[in-house]
Amino acid sequence: MKRWVTSSTAGWISSTCRRRCERVPPGWRSICMNGCFIITGTPGAGKTTVSRLVAERLERSARIDGDVMAQLMVNGRANNLDEHGNWNPGPEGKRQLQLRMINACSVANNFSEAGFTPVIDTVVEVREELEFLVNRLTARPVMLVVLAPPLQVAQYRNATRPERQRVSYDFSHTAANMRREIGGDGWWLDSGDLTPDETADLIVAEAAKRAVVDV
């Protein structure tokens, strides 16, 4: 497939971004950062809000929502809940979840090549998924931030959302699985006592030191 961003264009983008970073006044909230963010967590952890706020703090940024990648499928979308209402994707559901990751990475790579910092909002439950994402992303470094408020906080947030934004299944198993599978990767940030703005400020300030992954 033809790549429209040539090496000379990529060099121009990089130098342009560097010059823009140098012009940012001291104390200004907009920051230029290299690499790519993956912001994950259970439902109710705050991924959607925090990823948007992180992107807003970066001078050139793009937010990629994993749920939007899934919603692009109009017909034939798999139901990933079993007969008991638990999250349990079958073979087709797993294939579609991988397709969702492929598309999210492709969009992120396109933005990265154009000089934007991608901020991906998606659930990463197992190490295989993390490795798949990191290996497909071209931007470096990849910074994984796992929003990890106490489970009870995430459950309360989910329960008090508008109904159309709520998940109906018990995600305590997802939380335990994430901790077991990727508990040693990236930056596990307990945001339970932080506001969304405080969380985003901390991520922008610390992620380059605390969240880089190389799997």
# chains A, B, ... in the order shown; residues from 1 in each chain; ligands from 1

$ residues_around --residues "Ala200 in chain A" --least-positions-apart "3" --cutoff "12 Å" --atoms "only C-alpha atoms" --output "NGL selection string"
:A and (29 or 37 or 39 or 46-58 or 119 or 145 or 147 or 189 or 191 or 194-197 or 203-207)

$ residues_around --residues "Phe132 in chain A" --least-positions-apart "2" --cutoff "10 Å" --atoms "only C-alpha atoms" --output "mmCIF file with C-alpha atoms, in the first residue's frame"
data_model
loop_
_atom_site.group_PDB
_atom_site.id
_atom_site.type_symbol
_atom_site.label_atom_id
_atom_site.label_comp_id
_atom_site.auth_asym_id
_atom_site.auth_seq_id
_atom_site.Cartn_x
_atom_site.Cartn_y
_atom_site.Cartn_z
ATOM 1 C CA GLN A 98 -8.496 -8.078 17.203
ATOM 2 C CA MET A 101 -7.117 -3.237 17.697
ATOM 3 C CA ILE A 102 -5.756 -3.414 14.153
ATOM 4 C CA CYS A 105 -3.315 1.022 15.515
ATOM 5 C CA ARG A 127 -0.602 -9.531 27.821
ATOM 6 C CA GLU A 128 -1.216 -10.957 24.345
ATOM 7 C CA GLU A 129 -3.339 -7.898 23.537
ATOM 8 C CA LEU A 130 -0.686 -5.548 24.887
ATOM 9 C CA VAL A 134 2.825 -2.411 20.879
ATOM 10 C CA ASN A 135 4.128 -4.443 17.946
ATOM 11 C CA ARG A 136 1.710 -2.799 15.493
ATOM 12 C CA LEU A 137 2.241 0.768 16.681
ATOM 13 C CA VAL A 215 7.236 -5.916 25.327
#

$ residues_around --residues "Trp188 in chain A" --least-positions-apart "5" --cutoff "10 Å" --atoms "only C-alpha atoms" --output "list of chain:residue names"
A:Thr40, A:Gly41, A:Leu144, A:Val145, A:Val146, A:Leu147, A:Ala148, A:Pro149, A:Arg179, A:Ile182, A:Gly183, A:Arg210, A:Ala211

$ select_by_dssp --residues "range 18-166 of chain A" --states "helix (DSSP H, G or I)" --output "JSON, numbers by chain"
{"A": [18, 19, 20, 21, 22, 23, 47, 48, 49, 50, 51, 52, 53, 54, 55, 56, 66, 67, 68, 69, 70, 71, 91, 92, 93, 94, 95, 96, 97, 98, 99, 100, 101, 102, 103, 104, 105, 106, 107, 108, 109, 110, 111, 112, 113, 127, 128, 129, 130, 131, 132, 133, 134, 135, 136, 151, 152, 153, 154, 155, 156, 157, 158, 159, 163, 164, 165]}

$ residues_around --residues "Ala108 in chain A" --least-positions-apart "3" --cutoff "12 Å" --atoms "only C-alpha atoms" --output "ChimeraX atom specification"
/A:35-38,61-66,69,101-105,111-121,133-134,136-140,142

$ select_by_dssp --residues "chain A" --states "strand (DSSP E)" --output "PyMOL selection string"
chain A and resi 36-40+61-65+117-121+142-147+187-189+212-213

$ closest_residue --among "A:Glu181, A:Lys209, A:Tyr169, A:Tyr156" --to "Asp82 in chain A" --atoms "only C-alpha atoms"
A:Tyr169

$ residues_around --residues "Thr174 in chain A" --least-positions-apart "4" --cutoff "8 Å" --atoms "only C-alpha atoms" --output "ChimeraX atom specification"
/A:42,125,178

$ write_last_selection --atoms "all heavy atoms" --output "JSON list (two decimals), in the first residue's frame"
[["chain", "number", "residue", "atom", "x", "y", "z"],
["A", 42, "THR", "N", -10.54, -0.77, 33.57],
["A", 42, "THR", "CA", -11.85, -1.40, 33.53],
["A", 42, "THR", "C", -12.92, -0.38, 33.15],
["A", 42, "THR", "O", -12.65, 0.84, 33.15],
["A", 42, "THR", "CB", -12.23, -1.99, 34.89],
["A", 42, "THR", "OG1", -12.39, -0.91, 35.83],
["A", 42, "THR", "CG2", -11.17, -2.96, 35.40],
["A", 125, "GLU", "N", -6.78, -6.23, 28.32],
["A", 125, "GLU", "CA", -7.01, -7.14, 29.46],
["A", 125, "GLU", "C", -5.88, -8.14, 29.65],
["A", 125, "GLU", "O", -5.56, -8.49, 30.79],
["A", 125, "GLU", "CB", -8.33, -7.89, 29.27],
["A", 125, "GLU", "CG", -8.67, -8.80, 30.43],
["A", 125, "GLU", "CD", -10.03, -9.46, 30.30],
["A", 125, "GLU", "OE1", -10.81, -9.04, 29.42],
["A", 125, "GLU", "OE2", -10.32, -10.38, 31.08],
["A", 178, "MET", "N", -6.70, -8.37, 34.40],
["A", 178, "MET", "CA", -5.74, -7.32, 34.02],
["A", 178, "MET", "C", -4.58, -7.29, 34.99],
["A", 178, "MET", "O", -3.42, -7.20, 34.59],
["A", 178, "MET", "CB", -6.43, -5.96, 33.96],
["A", 178, "MET", "CG", -7.39, -5.79, 32.81],
["A", 178, "MET", "SD", -8.21, -4.17, 32.82],
["A", 178, "MET", "CE", -6.83, -3.09, 32.46]]

$ closest_residue --among "A:Ala208, A:Ala159, A:Leu99, A:Val124" --to "Ala78 in chain A" --atoms "only C-alpha atoms"
A:Leu99

$ closest_residue --among "A:Ser106, A:Ser168, A:Asn177, A:Asn158" --to "Asn86 in chain A" --atoms "only C-alpha atoms"
A:Ser168

$ atom_distance --atom1 "CA of Asn75 in chain A" --atom2 "CA of Leu97 in chain A"
15.0 Å

$ residues_around --residues "Asn80 in chain A" --least-positions-apart "2" --cutoff "8 Å" --atoms "only C-alpha atoms" --output "list in words"
Ala78, Asp82, Trp87, Asn88, Pro89, Gly90 and Gly93 of chain A

$ write_last_selection --atoms "N, CA, C and O atoms" --output "PDB file, in the first residue's frame"
ATOM      1  N   ALA A  78     -20.424  -9.089  16.643  1.00  0.00           N
ATOM      2  CA  ALA A  78     -20.607 -10.207  17.571  1.00  0.00           C
ATOM      3  C   ALA A  78     -21.114  -9.717  18.921  1.00  0.00           C
ATOM      4  O   ALA A  78     -20.759  -8.628  19.388  1.00  0.00           O
ATOM      5  N   ASP A  82     -22.179 -13.830  27.248  1.00  0.00           N
ATOM      6  CA  ASP A  82     -22.744 -15.176  27.172  1.00  0.00           C
ATOM      7  C   ASP A  82     -24.184 -15.179  27.662  1.00  0.00           C
ATOM      8  O   ASP A  82     -24.766 -14.131  27.967  1.00  0.00           O
ATOM      9  N   TRP A  87     -19.111 -11.215  30.316  1.00  0.00           N
ATOM     10  CA  TRP A  87     -18.219 -10.949  29.184  1.00  0.00           C
ATOM     11  C   TRP A  87     -17.480 -12.228  28.837  1.00  0.00           C
ATOM     12  O   TRP A  87     -16.686 -12.739  29.615  1.00  0.00           O
ATOM     13  N   ASN A  88     -17.746 -12.770  27.664  1.00  0.00           N
ATOM     14  CA  ASN A  88     -17.156 -14.054  27.283  1.00  0.00           C
ATOM     15  C   ASN A  88     -17.160 -14.178  25.762  1.00  0.00           C
ATOM     16  O   ASN A  88     -17.952 -14.938  25.188  1.00  0.00           O
ATOM     17  N   PRO A  89     -16.273 -13.454  25.068  1.00  0.00           N
ATOM     18  CA  PRO A  89     -16.279 -13.483  23.601  1.00  0.00           C
ATOM     19  C   PRO A  89     -15.995 -14.882  23.057  1.00  0.00           C
ATOM     20  O   PRO A  89     -15.121 -15.585  23.549  1.00  0.00           O
ATOM     21  N   GLY A  90     -16.746 -15.249  22.021  1.00  0.00           N
ATOM     22  CA  GLY A  90     -16.480 -16.487  21.304  1.00  0.00           C
ATOM     23  C   GLY A  90     -15.444 -16.251  20.224  1.00  0.00           C
ATOM     24  O   GLY A  90     -14.844 -15.168  20.135  1.00  0.00           O
ATOM     25  N   GLY A  93     -16.184 -13.188  18.173  1.00  0.00           N
ATOM     26  CA  GLY A  93     -16.001 -11.998  19.001  1.00  0.00           C
ATOM     27  C   GLY A  93     -14.535 -11.666  19.187  1.00  0.00           C
ATOM     28  O   GLY A  93     -14.135 -10.499  19.118  1.00  0.00           O
TER      29      GLY A  93
END

$ atom_distance --atom1 "CA of Trp187 in chain A" --atom2 "CA of Leu202 in chain A"
11.5 Å

$ atom_distance --atom1 "CA of Arg180 in chain A" --atom2 "CA of Ala45 in chain A"
17.4 Å

$ closest_residue --among "A:His173, A:Gly44, A:Met33, A:Arg166" --to "Ala154 in chain A" --atoms "only C-alpha atoms"
A:Gly44
